[in-house]
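This report concerns only the one structure given below.
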Amino acid sequence: MMTDNFIEQTISAEESGARLDRCLRLWIPYLPQSVIEKTARKGLLRVEGKKAKPSHRVEEGQTLSFPSFFLDLEDRVEEKRPTILTHADKKWLKSLILYEDADLLVLNKPAGIVVQSGTKQRKSLDAMLVAYNETYRPRLVHRLDLDTSGVLVFAKTLPMARWLANAFKERTVQKIYWALVSGVPQQKEGIISLSLTKKQDSTGEKIRVDMETGVKAMTTYRVIEALGHRVAWLELMPQTGRTHQLRIHCAEGLKTPILGDGKYGGKEALLLAGKNLHLHARTLIIPLPHGKTMTFEAPLPKEMEDTFQELGFR
């Protein structure tokens, strides 16, 4: 919504917990950090009507307002190109593409690569895609964690980016994840509802369950197949988009940590598989303009596929 040369945007579940500057660049990918900081110093960035710094963490449902000229900058800002991609880099990126048309680019993201550039990441999918094809600007409309693989969607046009951002905000996008977990949930299907918050400890920042002050997070799950009481193959459908939500819900809500999740599952999560997190964004069902719906499905990464075969899942 635009009011008196300002734009008001409601923070979605996907954006909740992000820094204000990161959130702005999610909507306007090539907005310079220097412009964001200068605007904040002038008091022109506001969350819920109050002045906010670029480092401020936004939460779902809050209203962020910023000057309308930010949108005009996208066509005038000189893009900072990443290092020129090698032939091998381009071949690798091409191998990730699941679907592409004039509006959408859908990838099968590998585990171990960040989606969005940051100060500590030299290599990210969004930066590589800028160099991969200079005829369009890939716009990130949702995120997957560093250790999670699977379906990842970029918009190739600003109208499609706005449409998809709203679809994720309104939760009309259906997300289905597959996970292999240590142990088997007592109930074969159900809903996990645990409130989460970010806290620091000696190992760094972690997400913790905090039913009093945390933000509500919900996940629907079902057991697809179980091998005795040792391990289970789960289908997970997040109804909210909190950081590390599925990992915490499996480890704390179901008491069945995801295989490879040493951060939240401890030694128990590392007994039956390698160190890679066995969490995969399998399917994304997206409503598109004019009533059309598209379903995108990503094949399993090799390590997860190997674990499926070794454990005897069908």
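Just so we're on the same page: first chain in the structure tokens is A, next is B, and so on; residues restart at 1 for each chain, and ligands are numbered from 1 in the order they show up.
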(message) What's around Leu64 of chain A at 7 Å? Count only C-alpha atoms, leave out sequence neighbours fewer than 5 positions away in its own chain, and write the answer as JSON, numbers by chain.
(response) {"A": [8, 9, 10, 46, 47, 48]}
(request) Please report, as JSON, numbers by chain, each residue of segment 38-277 of chain A to which DSSP assigns strand (DSSP E) when run on this structure's backbone. (result) {"A": [46, 47, 50, 51, 63, 64, 65, 66, 67, 97, 98, 99, 100, 104, 105, 106, 107, 108, 109, 139, 140, 149, 150, 151, 152, 153, 154, 155, 174, 175, 176, 177, 178, 179, 180, 181, 182, 189, 190, 191, 192, 193, 194, 195, 196, 197, 198, 199, 200, 201, 204, 205, 206, 207, 208, 209, 215, 216, 217, 218, 219, 220, 221, 222, 223, 224, 225, 226, 227, 231, 232, 233, 234, 235, 236, 237, 238]}
Write the selection just made, keeping C-alpha atoms, as a tab-separated table (two decimals), in the first residue's frame?
```tsv
chain	number	residue	atom	x	y	z
A	46	ARG	CA	9.62	2.60	10.31
A	47	VAL	CA	8.23	-0.58	11.82
A	50	LYS	CA	8.42	3.67	14.98
A	51	LYS	CA	11.88	4.53	13.63
A	63	THR	CA	3.97	-3.13	9.05
A	64	LEU	CA	7.20	-1.83	7.53
A	65	SER	CA	7.09	1.54	5.76
A	66	PHE	CA	9.77	2.91	3.45
A	67	PRO	CA	10.06	5.69	0.82
A	97	ILE	CA	16.88	-25.92	-13.07
A	98	LEU	CA	13.60	-27.81	-12.66
A	99	TYR	CA	11.43	-25.36	-14.60
A	100	GLU	CA	11.74	-21.99	-16.36
A	104	LEU	CA	9.55	-18.13	-13.08
A	105	LEU	CA	12.81	-19.92	-12.41
A	106	VAL	CA	12.56	-23.03	-10.24
A	107	LEU	CA	15.68	-24.76	-8.91
A	108	ASN	CA	16.51	-27.90	-6.97
A	109	LYS	CA	18.74	-26.26	-4.36
A	139	ARG	CA	14.05	-12.07	-7.37
A	140	LEU	CA	14.02	-14.27	-4.30
A	149	SER	CA	17.82	-29.03	-0.18
A	150	GLY	CA	14.87	-28.91	-2.55
A	151	VAL	CA	12.47	-26.72	-4.50
A	152	LEU	CA	13.40	-23.04	-4.57
A	153	VAL	CA	11.53	-20.44	-6.64
A	154	PHE	CA	12.81	-17.18	-8.08
A	155	ALA	CA	10.64	-14.61	-9.88
A	174	GLN	CA	1.55	-25.46	-0.13
A	175	LYS	CA	5.00	-26.64	1.01
A	176	ILE	CA	5.77	-30.34	1.47
A	177	TYR	CA	9.06	-31.54	2.94
A	178	TRP	CA	10.47	-35.05	3.32
A	179	ALA	CA	12.61	-35.94	6.32
A	180	LEU	CA	14.24	-39.06	7.72
A	181	VAL	CA	14.17	-39.02	11.51
A	182	SER	CA	15.74	-41.03	14.30
A	189	GLU	CA	-0.05	-38.09	11.91
A	190	GLY	CA	-0.92	-34.85	13.62
A	191	ILE	CA	-0.09	-31.19	14.18
A	192	ILE	CA	2.97	-29.88	16.02
A	193	SER	CA	2.46	-26.48	17.68
A	194	LEU	CA	5.41	-25.03	19.55
A	195	SER	CA	6.31	-21.37	20.01
A	196	LEU	CA	9.91	-20.57	19.08
A	197	THR	CA	12.44	-17.85	19.87
A	198	LYS	CA	16.10	-17.12	19.07
A	199	LYS	CA	18.60	-17.38	21.92
A	200	GLN	CA	22.37	-17.27	22.25
A	201	ASP	CA	24.45	-19.95	23.94
A	204	GLY	CA	26.13	-19.40	18.93
A	205	GLU	CA	22.53	-18.54	18.02
A	206	LYS	CA	19.94	-21.31	18.28
A	207	ILE	CA	16.19	-21.53	18.02
A	208	ARG	CA	14.56	-22.58	21.29
A	209	VAL	CA	11.07	-23.57	22.38
A	215	VAL	CA	6.36	-16.85	18.19
A	216	LYS	CA	3.80	-19.52	17.33
A	217	ALA	CA	4.92	-22.15	14.81
A	218	MET	CA	2.76	-24.95	13.40
A	219	THR	CA	3.59	-28.01	11.29
A	220	THR	CA	1.32	-30.78	9.99
A	221	TYR	CA	3.04	-34.16	9.70
A	222	ARG	CA	2.42	-37.78	8.81
A	223	VAL	CA	4.56	-40.91	8.87
A	224	ILE	CA	4.94	-42.23	5.33
A	225	GLU	CA	6.87	-45.33	6.39
A	226	ALA	CA	8.67	-46.60	9.49
A	227	LEU	CA	11.35	-49.22	10.05
A	231	VAL	CA	13.80	-44.57	11.89
A	232	ALA	CA	10.85	-43.00	10.08
A	233	TRP	CA	10.22	-41.26	6.81
A	234	LEU	CA	8.06	-38.18	7.46
A	235	GLU	CA	6.05	-35.81	5.32
A	236	LEU	CA	6.14	-32.34	6.88
A	237	MET	CA	3.88	-29.46	5.87
A	238	PRO	CA	4.80	-26.20	7.66
```
(request) Point out the residue among A:Met160, A:Val35, A:Leu93, A:Leu311 with the least atom-to-atom distance to Ala131 of chain A, counting only C-alpha atoms. (result) A:Leu93
(request) Would you please extract all alpha helix (DSSP H) residues from segment 12-224 of chain A, as assigned by DSSP on the backbone, and give them as a PyMOL selection string? (result) chain A and resi 20-27+33-41+69-73+87-96+125-132+158-169
Keeping only N, CA and C atoms, write those residues as a compact mmCIF listing (two decimals), in the first residue's frame.
```
# COMPACT_ATOMS: atom_id res chain seq x y z
N LEU A 20 15.78 -6.04 9.02
CA LEU A 20 15.00 -5.11 8.20
C LEU A 20 15.67 -4.90 6.84
N ASP A 21 17.00 -4.73 6.81
CA ASP A 21 17.68 -4.49 5.53
C ASP A 21 17.59 -5.70 4.61
N ARG A 22 17.70 -6.92 5.18
CA ARG A 22 17.56 -8.13 4.38
C ARG A 22 16.16 -8.24 3.80
N CYS A 23 15.18 -7.87 4.62
CA CYS A 23 13.78 -7.92 4.19
C CYS A 23 13.54 -6.97 3.03
N LEU A 24 14.09 -5.78 3.12
CA LEU A 24 13.93 -4.81 2.03
C LEU A 24 14.55 -5.34 0.73
N ARG A 25 15.71 -5.98 0.85
CA ARG A 25 16.36 -6.49 -0.36
C ARG A 25 15.67 -7.74 -0.89
N LEU A 26 14.87 -8.39 -0.06
CA LEU A 26 14.06 -9.50 -0.55
C LEU A 26 13.01 -8.97 -1.52
N TRP A 27 12.46 -7.79 -1.20
CA TRP A 27 11.48 -7.16 -2.08
C TRP A 27 12.14 -6.39 -3.21
N GLN A 33 22.89 -1.02 0.24
CA GLN A 33 22.91 -0.95 1.70
C GLN A 33 23.12 0.49 2.16
N SER A 34 23.93 1.24 1.41
CA SER A 34 24.20 2.62 1.80
C SER A 34 22.93 3.47 1.79
N VAL A 35 22.04 3.20 0.83
CA VAL A 35 20.77 3.93 0.76
C VAL A 35 19.88 3.55 1.94
N ILE A 36 19.85 2.27 2.28
CA ILE A 36 19.04 1.81 3.42
C ILE A 36 19.51 2.49 4.70
N GLU A 37 20.84 2.52 4.92
CA GLU A 37 21.38 3.10 6.15
C GLU A 37 21.15 4.61 6.21
N LYS A 38 21.34 5.29 5.09
CA LYS A 38 21.12 6.74 5.06
C LYS A 38 19.66 7.07 5.34
N THR A 39 18.75 6.28 4.76
CA THR A 39 17.31 6.49 4.96
C THR A 39 16.93 6.25 6.42
N ALA A 40 17.55 5.23 7.03
CA ALA A 40 17.27 4.93 8.45
C ALA A 40 17.75 6.07 9.34
N ARG A 41 18.93 6.63 9.03
CA ARG A 41 19.44 7.74 9.84
C ARG A 41 18.52 8.95 9.79
N PHE A 69 10.55 5.92 -3.40
CA PHE A 69 11.63 6.04 -4.39
C PHE A 69 12.53 4.80 -4.39
N PHE A 70 12.45 3.97 -3.33
CA PHE A 70 13.23 2.73 -3.31
C PHE A 70 12.94 1.88 -4.55
N LEU A 71 11.67 1.84 -4.97
CA LEU A 71 11.30 1.02 -6.13
C LEU A 71 11.89 1.58 -7.41
N ASP A 72 11.98 2.91 -7.50
CA ASP A 72 12.55 3.53 -8.69
C ASP A 72 14.03 3.26 -8.82
N LEU A 73 14.71 3.04 -7.69
CA LEU A 73 16.15 2.83 -7.71
C LEU A 73 16.54 1.55 -8.43
N HIS A 87 32.86 -22.06 -16.84
CA HIS A 87 31.98 -22.95 -17.62
C HIS A 87 31.38 -24.02 -16.71
N ALA A 88 32.18 -24.51 -15.78
CA ALA A 88 31.69 -25.54 -14.84
C ALA A 88 30.60 -24.98 -13.94
N ASP A 89 30.76 -23.70 -13.48
CA ASP A 89 29.72 -23.07 -12.67
C ASP A 89 28.40 -22.98 -13.43
N LYS A 90 28.47 -22.56 -14.70
CA LYS A 90 27.26 -22.40 -15.49
C LYS A 90 26.60 -23.75 -15.76
N LYS A 91 27.41 -24.76 -16.00
CA LYS A 91 26.87 -26.10 -16.22
C LYS A 91 26.18 -26.61 -14.96
N TRP A 92 26.80 -26.33 -13.80
CA TRP A 92 26.22 -26.75 -12.52
C TRP A 92 24.90 -26.06 -12.26
N LEU A 93 24.85 -24.73 -12.49
CA LEU A 93 23.60 -24.00 -12.29
C LEU A 93 22.50 -24.51 -13.22
N LYS A 94 22.86 -24.78 -14.46
CA LYS A 94 21.87 -25.28 -15.42
C LYS A 94 21.30 -26.62 -14.96
N SER A 95 22.15 -27.44 -14.33
CA SER A 95 21.69 -28.76 -13.87
C SER A 95 20.68 -28.66 -12.73
N LEU A 96 20.62 -27.50 -12.05
CA LEU A 96 19.71 -27.32 -10.93
C LEU A 96 18.30 -26.92 -11.37
N LEU A 125 23.32 -18.48 -4.23
CA LEU A 125 22.57 -18.75 -5.45
C LEU A 125 22.08 -17.47 -6.11
N ASP A 126 21.59 -16.51 -5.33
CA ASP A 126 21.06 -15.31 -5.96
C ASP A 126 22.15 -14.53 -6.70
N ALA A 127 23.35 -14.45 -6.11
CA ALA A 127 24.46 -13.74 -6.76
C ALA A 127 24.93 -14.48 -8.01
N MET A 128 25.00 -15.80 -7.93
CA MET A 128 25.43 -16.59 -9.09
C MET A 128 24.44 -16.48 -10.24
N LEU A 129 23.15 -16.42 -9.91
CA LEU A 129 22.13 -16.33 -10.96
C LEU A 129 22.18 -15.00 -11.70
N VAL A 130 22.60 -13.94 -11.00
CA VAL A 130 22.77 -12.64 -11.66
C VAL A 130 23.82 -12.76 -12.76
N ALA A 131 24.90 -13.46 -12.48
CA ALA A 131 25.97 -13.61 -13.46
C ALA A 131 25.62 -14.66 -14.51
N TYR A 132 24.77 -15.61 -14.15
CA TYR A 132 24.42 -16.70 -15.06
C TYR A 132 23.65 -16.21 -16.28
N LEU A 158 9.21 -8.26 -11.78
CA LEU A 158 8.75 -7.62 -10.56
C LEU A 158 7.28 -7.93 -10.27
N PRO A 159 6.37 -7.91 -11.28
CA PRO A 159 4.97 -8.28 -10.99
C PRO A 159 4.84 -9.70 -10.42
N MET A 160 5.60 -10.65 -10.97
CA MET A 160 5.52 -12.01 -10.45
C MET A 160 6.12 -12.10 -9.05
N ALA A 161 7.18 -11.32 -8.78
CA ALA A 161 7.76 -11.30 -7.44
C ALA A 161 6.73 -10.82 -6.42
N ARG A 162 5.98 -9.79 -6.78
CA ARG A 162 4.97 -9.26 -5.87
C ARG A 162 3.84 -10.26 -5.68
N TRP A 163 3.44 -10.92 -6.76
CA TRP A 163 2.37 -11.92 -6.67
C TRP A 163 2.79 -13.07 -5.75
N LEU A 164 3.98 -13.58 -5.96
CA LEU A 164 4.44 -14.72 -5.16
C LEU A 164 4.69 -14.33 -3.70
N ALA A 165 5.24 -13.14 -3.49
CA ALA A 165 5.47 -12.70 -2.11
C ALA A 165 4.14 -12.64 -1.36
N ASN A 166 3.09 -12.19 -2.04
CA ASN A 166 1.78 -12.13 -1.40
C ASN A 166 1.22 -13.54 -1.17
N ALA A 167 1.47 -14.46 -2.12
CA ALA A 167 0.98 -15.83 -1.97
C ALA A 167 1.63 -16.51 -0.77
N PHE A 168 2.94 -16.30 -0.59
CA PHE A 168 3.60 -16.85 0.59
C PHE A 168 3.08 -16.19 1.87
N LYS A 169 2.86 -14.88 1.80
CA LYS A 169 2.37 -14.16 2.98
C LYS A 169 0.98 -14.66 3.38
```
(request) Rank nothing, just name the residue among A:Val173, A:Met304, A:Cys250, A:Leu45 nearest to His280 of chain A, using only C-alpha atoms. (result) A:Met304
(request) Could you jot down the atom CA of Lys263 of chain A to atom CA of Asp147 of chain A separation for me, Å, one decimal place? (result)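 Spanning atom CA of Lys263 of chain A to atom CA of Asp147 of chain A is a straight-line distance of 11.1 Å.
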(message) What's the separation between atom CA of Asp145 of chain A and atom CA of Pro299 of chain A, in Å to one decimal place?
(response)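 Straight-line distance from atom CA of Asp145 of chain A to atom CA of Pro299 of chain A works out to 17.5 Å.
Pairwise distance (atom CA of Glu303 of chain A, atom CA of Asn276 of chain A) equals 7.5 Å.
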